[in-house]
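Since the structure comes first, as structure tokens, the remarks are kept for the end.
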Amino acid sequence: MKIFIGAENAITPLGNSVEENFQSLCDGVSGIRLYKNAGFNKEDVYLSKTSFDTEHLFQTLLENCLEGLKSRIDTSIIKSPKTILILSTTKADVQNHLVDAIEISTAKLKEQLELFQPPIVVCNACTSGLQAINLAADFITAGLYEHAIVVGCDVISDFILYGFQSLFAISNEPCKPFSEHRKGLTLGEACAVVVLSKSEAVYQQTPMQYIAGSSSNDANHISGPSRTGEGLYRSVVKTLAAAQMNSNDIDFISAHGTATVYNDEMESIAFDRLAMNNIPLNSFKGYFGHTLGAAGVLETVICMQSLRKNLLIKSMGYTEPGTSKALDLLIENKHTDVNTILKTASGFGGANASLIISKR
Amino acid sequence: METLKETLKLQVIQQLNLEDIKPSDIKDDEPLFGEGLGLDSIDALELIVLLEKHHGIKTINPEDGKTIFRSINTMAEFIVNSKK
Amino acid sequence: MSFITSYCRISKDKCSVNGKNILLINSDSELEWIKQLYKSLQIDYPKFYKMDVLSKLAFIGTELIKKNSDFNFYTDDDVALVFANRHSSGDTDLKFNNSYQQELMPSPALFVYTLPNILIGEIAIRNKWHGENLFTVAREFDATFFQNYCNILLSKNSQACVCGWIDAMEDNLEAFLFFVEVSDTSKLNLPFTSKIVANLYKA
């Protein structure tokens with residue numbers, strides 16, 4: 001069975017639609033700005049924030065992004081019993097609802113969209129987005145549903161910012177993934193959506209194809225990645241095997257690239273073990289910041305634009321090689337035939353996930 | 001200095017949730033990381049919090065932590081020197 | 001057809017494995033109930049004391065399941081970890097929020113536990129399991145989800161699944177774990193169906 005993936009949309013500081021977002025990337029615009037007094041000690045902090053003037057940003061982003069979905073699909077599938085909505089988030093609206101944020105949000109979604117099935121929520125740190133897409137594909141392949149709306153969303157809050165500051169993980173300049181002098185991550189917020197389906201007919205625009213995906217745990221440390229890139233390596237091996245592909249089939253890697261010293265080094269080791277040093281690679285975090293639970297969906301959505309436009313986007317913020325193993329970092333946008341993309345993600349709790357998408 | 005070290009041991013045990021460990025179990029010159037108490041990178045960050053909360057010492061970056069937190073002795077020395 | 005070959009329930013009063021109580025908590029003891037449970041396992045794992053309550057419950061539950069099943073049969077890629085709960089990491093979120101609101105400094109040791117999937121990480125670290133893993137949040141325990149997803153995993157690369165519903169919000173705690181294998185190694189005669197899982201959960 002072919003699994004189609006399409007109807008992608010995204011709302012970020014770089015645009016209120018996926019088209020606007022991709023244009024910003026083509027133009028080399030980053031959403032990262034300096035915010036005064038944002039930090040725990042009232043220091044200025046670089047963040048990628050939307051400009052919506054609302055106290056309920058999480059729900060607003062979800063609603064707006066899903067509204068934007070309606071012109072991209074046959075809307076009759078939204079209320080269908082054969083459709084499942086999968087939400088990917090790490091903290092939802094934790095700033096307004098310290099407990100029950102996820103429950104409140106999913107109840108609102110179900111009501112607003114008149115969903116037949118209660119939404120499923122993937123809450124698996126920064127791999128949530130990819131794992132939500134993989135779960136959707138698994139369910140459709142198993143015949144449990146025919147369509148899946150996968151939406152990823154996370155917003156910046158004091159809770160999250162202060163937490164990462166306590167880990168000394170926040171960079172004091174816009175993040176520089178894979179670079180020699182990288183100093184940590186830049187937080188971002190976004191909402192992105194994509195629809196998976198066994199039927200090509202539900203899409204207004206030609207969909208891509210979801211090929212395969214998997215997850216694997218590092219089994220090493222709850223917040224530090226494996227020094228051997230074990231989980232990421234094993235996940236990509238599984239995903240390639242399920243896709244019946246090898247690294248030669250991959251035209252581009254959208255890596256996780258958070259710009260922490262340890263994450264990027266770990267990824268270089270994993271990709272080196274996979275003999276993927278010469279596949280064009282980037283991180284999108286230099287444009288959007290690290291959008292946590294939204295990242296996997298958002299960055300997959302952008303990859304889909306690359307497939308549509310045959311245009312690879314450079315790795316914003318990259319200055320000079322900064323990992324022990326060489327990677328083929330994109331230093332400028334590149335027009336080229338793009339047919340198959342590998343997307344990876346890693347997260348706290350030893351989480352690692354990957355997926356492969358292709359032009360249909 | 002000796003009182004400070006004993007206080008520090010109690011604070012370390014409490015801040016890091018070190019179960020079944022009494023101050024008398026921690027030697028002044030014993031390495032806190034690796035061998036000895038076997039603390040890890042998150043514990044190191046909590047020690048930074050400890051220094052600020054209990055001793056008013058701010059802005060230690062984790063890189064300096066490696067020398068400051070080598071043992072109770074080095075921690076105590078650092079605290080005393082910071083107050084000069 | 002796959003089978004539930006081991007299951008356990010943990011609450012503040014007691015702990016049962018395969019339907020049999022194995023420990024009654026001594027409420028007169030100075031030792032907190034969860035530490036009594038840990039000590040009853042007779043293992044040496046000091047990292048336990050740094051875990052948040054979700055990870056402690058999941059850890060104890062998995063150790064009890066391991067005592068009742070033979071894991072030597074499995075390689076480090078074979079065992080999938082599928083967990084869910086209602087309140088995400090809410091209990092720890094409250095504590096972390098408190099650390100910077102009341103205690104004036106955000107605690108890194110608490111922050112790293114403000115994600116529910118960390119409990120999966122703790123189990124993976126303890127057992128060196130590199131298999132598939134997923135954490136979901138749902139309003140209530142959904143046996144059908146576990147049946148569907150585990151069957152999918154078992155049809156792909158996984159050979160067994162450790163599953164759990166581990167929830168904690170202040171004084172309300174519950175843990176229900178079960179182990180799914182492709183053959184009935186423990187002869188409990190519990191086919192892995194959503195109906196049977198739901199009954200075990202409610203019992």
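Order determines the names: the first chain of the structure tokens is A, the second B, and so forth; residues in each chain are numbered 1 upward, and ligands are numbered 1 upward as they are shown.
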
- [ ] Apply DSSP to the backbone of this structure and, from region 141-297 of chain A, keep only the residues in alpha helix (DSSP H); write these as JSON, numbers by chain.
- [x] {"A": [141, 158, 159, 160, 161, 162, 163, 164, 165, 166, 230, 231, 232, 233, 234, 235, 236, 237, 238, 239, 240, 241, 242, 243, 261, 262, 263, 264, 265, 266, 267, 268, 269, 270, 271, 272, 273, 285, 286, 287, 288, 295, 296, 297]}

Open item on the list: Using only C-alpha atoms, which protein or nucleic acid residues come within 12 Å of Asn157 (chain C)? Drop anything in the same chain fewer than 5 positions from it, and give the result as a list in words.
Closed with: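 In the requested form, the answer reads Gly213, Ser214, Ser215, Ser216, Arg234, Ser235, Val237, Lys238, Thr239, Ala241 and Ala242 of chain A; Thr75, Asp76, Asp77, Asp78, Val79, Ala80, His130, Gly131, Glu132, Cys150, Asn151 and Ile152 of chain C.
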
Would you put the residues from that selection into a file with C-alpha atoms, as a PDB file, in the first residue's frame?
```
ATOM      1  CA  GLY A 213      10.268   5.367   9.564  1.00  0.00           C
ATOM      2  CA  SER A 214      11.399   4.062  12.938  1.00  0.00           C
ATOM      3  CA  SER A 215      12.617   4.948  16.410  1.00  0.00           C
ATOM      4  CA  SER A 216      15.428   3.704  18.608  1.00  0.00           C
ATOM      5  CA  ARG A 234      20.061   2.156  14.608  1.00  0.00           C
ATOM      6  CA  SER A 235      16.946   4.107  13.686  1.00  0.00           C
ATOM      7  CA  VAL A 237      19.480   1.536   9.630  1.00  0.00           C
ATOM      8  CA  LYS A 238      15.967   0.270  10.390  1.00  0.00           C
ATOM      9  CA  THR A 239      14.324   2.976   8.310  1.00  0.00           C
ATOM     10  CA  ALA A 241      15.899  -1.428   5.582  1.00  0.00           C
ATOM     11  CA  ALA A 242      12.141  -0.901   5.772  1.00  0.00           C
TER      12      ALA A 242
ATOM     13  CA  THR C  75      18.643  -8.952  21.834  1.00  0.00           C
ATOM     14  CA  ASP C  76      19.007  -5.284  22.614  1.00  0.00           C
ATOM     15  CA  ASP C  77      16.846  -4.273  19.636  1.00  0.00           C
ATOM     16  CA  ASP C  78      14.000  -6.655  20.326  1.00  0.00           C
ATOM     17  CA  VAL C  79      12.077  -5.123  23.189  1.00  0.00           C
ATOM     18  CA  ALA C  80       9.795  -2.158  22.410  1.00  0.00           C
ATOM     19  CA  HIS C 130      17.706   0.135  21.986  1.00  0.00           C
ATOM     20  CA  GLY C 131      14.359  -0.871  20.527  1.00  0.00           C
ATOM     21  CA  GLU C 132      11.316   1.106  19.460  1.00  0.00           C
ATOM     22  CA  CYS C 150       2.023  -3.359  19.794  1.00  0.00           C
ATOM     23  CA  ASN C 151       0.686  -5.642  17.091  1.00  0.00           C
ATOM     24  CA  ILE C 152       2.102  -3.251  14.509  1.00  0.00           C
TER      25      ILE C 152
END
```

- [ ] Just the residues within 8 Å of Leu16 (chain B), please, counting only C-alpha atoms, with nothing from its chain fewer than 6 positions along; format it as an NGL selection string.
- [x] (:B and (43 or 46)) or (:C and (50))

Write a file of the selected residues as a PDB file, in the first residue's frame, keeping C-alpha atoms.
```
ATOM      1  CA  ASP B  43      24.485  16.810  39.368  1.00  0.00           C
ATOM      2  CA  GLU B  46      22.620  21.239  40.517  1.00  0.00           C
TER       3      GLU B  46
ATOM      4  CA  LYS C  50      17.311  10.720  41.457  1.00  0.00           C
TER       5      LYS C  50
END
```

- [ ] Determine, counting only C-alpha atoms, which protein, DNA and RNA residues have an atom within 8 Å of an atom of Asn18 (chain C); residues of the same chain fewer than 4 positions away are not included. Present the result as a ChimeraX atom specification.
- [x] /C:6-8

If you keep N, CA and C atoms, can you produce a file of those selected residues as a CSV table (one decimal), in the first residue's frame?
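Produced file part-v5.csv, reproduced below:
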```
chain,number,residue,atom,x,y,z
C,6,SER,N,3.2,-11.4,31.6
C,6,SER,CA,3.5,-10.9,32.9
C,6,SER,C,2.8,-9.5,33.0
C,7,TYR,N,2.3,-9.2,34.2
C,7,TYR,CA,1.7,-7.9,34.4
C,7,TYR,C,1.8,-7.5,35.9
C,8,CYS,N,1.8,-6.2,36.1
C,8,CYS,CA,1.9,-5.8,37.5
C,8,CYS,C,1.1,-4.5,37.7
```

TODO: In Å, rounded to a single decimal, give me how far CA of Pro207 (chain A) is from CA of Gly289 (chain A).
DONE: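 Between CA of Gly289 (chain A) and CA of Pro207 (chain A) the gap works out to 26.8 Å.
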
Task: Residue contacts of region 92-96 of chain C (9 Å, only C-alpha atoms) excluding same-chain residues fewer than 4 positions away, as a list of chain:residue names - done: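 Final neighbour list, sorted by chain and number: A:Val94, A:Leu98, A:Val99, A:Phe159, A:Gly163, C:Asp52, C:Val53, C:Leu54, C:Tyr100, C:Gln101, C:Pro106, C:Ser107, C:Pro108, C:Ala109, C:Leu110, C:Phe111, C:Tyr113, C:Thr114, C:Leu115, C:Ala168, C:Met169, C:Glu170.
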
Open item on the list: Set the distance at 9 Å and use only C-alpha atoms: which residues neighbour Lys128 (chain C) once local chain neighbours fewer than 5 positions away are removed? I'd like the list as a list in words.
Closed with: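 With the cut-off at 9 Å, the set is Asn217, Asp218, Ala219 and Asn220 of chain A; Asp76 and Ile123 of chain C.
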
Any chance you could export the current selection's C-alpha atoms as a PDB file, in the first residue's frame?
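The resulting file, selection.pdb, is reproduced below:
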```pdb
ATOM      1  CA  ASN A 217      16.601   4.525  22.119  1.00  0.00           C
ATOM      2  CA  ASP A 218      20.213   5.460  22.977  1.00  0.00           C
ATOM      3  CA  ALA A 219      19.991   3.691  26.339  1.00  0.00           C
ATOM      4  CA  ASN A 220      22.757   5.974  27.576  1.00  0.00           C
TER       5      ASN A 220
ATOM      6  CA  ASP C  76      19.007  -5.284  22.614  1.00  0.00           C
ATOM      7  CA  ILE C 123      14.164   1.776  31.542  1.00  0.00           C
TER       8      ILE C 123
END
```

- [ ] Tell me, as a list in words, which residues lie within 12 Å of Phe48 (chain C), counting only C-alpha atoms; anything in the same chain fewer than 6 positions away does not count.
- [x]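 That gives Asn17, Leu18 and Glu19 of chain B; Ile34, Lys35, Leu37, Tyr38, Lys39, Leu41, Leu54, Ser55, Lys56, Leu57, Ala58, Phe59, Ile60, Glu63, Leu119, Glu122, Ile123, Ile125 and Arg126 of chain C.
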
Dump N, CA and C atoms for the selected residues as a tab-separated table (two decimals), in the first residue's frame?
```
chain	number	residue	atom	x	y	z
B	17	ASN	N	19.80	14.65	46.26
B	17	ASN	CA	19.01	13.47	46.61
B	17	ASN	C	19.87	12.23	46.82
B	18	LEU	N	20.99	12.36	47.51
B	18	LEU	CA	21.87	11.22	47.71
B	18	LEU	C	21.33	10.40	48.87
B	19	GLU	N	20.67	9.33	48.53
B	19	GLU	CA	20.02	8.49	49.52
B	19	GLU	C	21.06	7.69	50.29
C	34	ILE	N	7.47	4.07	48.33
C	34	ILE	CA	8.13	3.71	47.07
C	34	ILE	C	9.55	3.21	47.32
C	35	LYS	N	10.14	3.68	48.40
C	35	LYS	CA	11.48	3.18	48.75
C	35	LYS	C	11.37	1.76	49.31
C	37	LEU	N	9.29	-0.41	48.25
C	37	LEU	CA	9.17	-1.23	47.04
C	37	LEU	C	10.53	-1.45	46.40
C	38	TYR	N	11.28	-0.36	46.28
C	38	TYR	CA	12.61	-0.46	45.66
C	38	TYR	C	13.49	-1.43	46.45
C	39	LYS	N	13.48	-1.29	47.78
C	39	LYS	CA	14.33	-2.16	48.62
C	39	LYS	C	13.91	-3.62	48.47
C	41	LEU	N	13.11	-5.10	45.93
C	41	LEU	CA	13.66	-5.67	44.70
C	41	LEU	C	15.05	-6.26	44.93
C	54	LEU	N	7.32	9.20	38.23
C	54	LEU	CA	6.93	8.39	37.05
C	54	LEU	C	8.01	7.37	36.73
C	55	SER	N	9.25	7.84	36.71
C	55	SER	CA	10.36	6.94	36.36
C	55	SER	C	10.54	5.87	37.42
C	56	LYS	N	10.35	6.25	38.70
C	56	LYS	CA	10.49	5.26	39.78
C	56	LYS	C	9.45	4.16	39.61
C	57	LEU	N	8.21	4.54	39.34
C	57	LEU	CA	7.14	3.55	39.17
C	57	LEU	C	7.42	2.65	37.98
C	58	ALA	N	7.80	3.27	36.88
C	58	ALA	CA	8.07	2.49	35.67
C	58	ALA	C	9.25	1.56	35.88
C	59	PHE	N	10.25	2.04	36.58
C	59	PHE	CA	11.45	1.25	36.86
C	59	PHE	C	11.10	0.02	37.69
C	60	ILE	N	10.39	0.26	38.80
C	60	ILE	CA	10.02	-0.85	39.69
C	60	ILE	C	9.16	-1.85	38.93
C	63	GLU	N	11.24	-3.93	36.58
C	63	GLU	CA	12.07	-4.90	37.30
C	63	GLU	C	11.24	-6.09	37.75
C	119	LEU	N	10.79	8.43	31.42
C	119	LEU	CA	10.69	7.13	32.10
C	119	LEU	C	11.11	6.00	31.16
C	122	GLU	N	14.86	5.93	31.20
C	122	GLU	CA	15.41	5.27	32.40
C	122	GLU	C	15.37	3.75	32.27
C	123	ILE	N	14.27	3.23	31.73
C	123	ILE	CA	14.16	1.78	31.54
C	123	ILE	C	15.18	1.31	30.51
C	125	ILE	N	18.03	2.72	29.70
C	125	ILE	CA	19.38	2.81	30.25
C	125	ILE	C	19.67	1.63	31.15
C	126	ARG	N	18.74	1.33	32.03
C	126	ARG	CA	18.92	0.24	32.98
C	126	ARG	C	19.16	-1.09	32.24
```

Task: Selected residue of minimal separation from Asn85 (chain C) among A:Leu61, A:Tyr46, A:Val122, A:Lys176, counting only C-alpha atoms - done: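 Closest candidate: A:Val122.
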
TODO: Do me a favour and pick out the residues of chain B within 9 Å of chain A, using only C-alpha atoms, as a list of chain:residue names.
DONE: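 The selection requested is B:Ser41, B:Ile42, B:Leu45, B:Glu46, B:Val49, B:Asn61, B:Pro62.
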
- [ ] Give the answer as one residue: which of C:Leu24, C:Leu64, C:Val137, C:Leu81 has the shortest atom-to-atom distance to Ser128 (chain A), using only C-alpha atoms?
- [x]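 For Ser128 (chain A), the nearest of the given residues is C:Val137.
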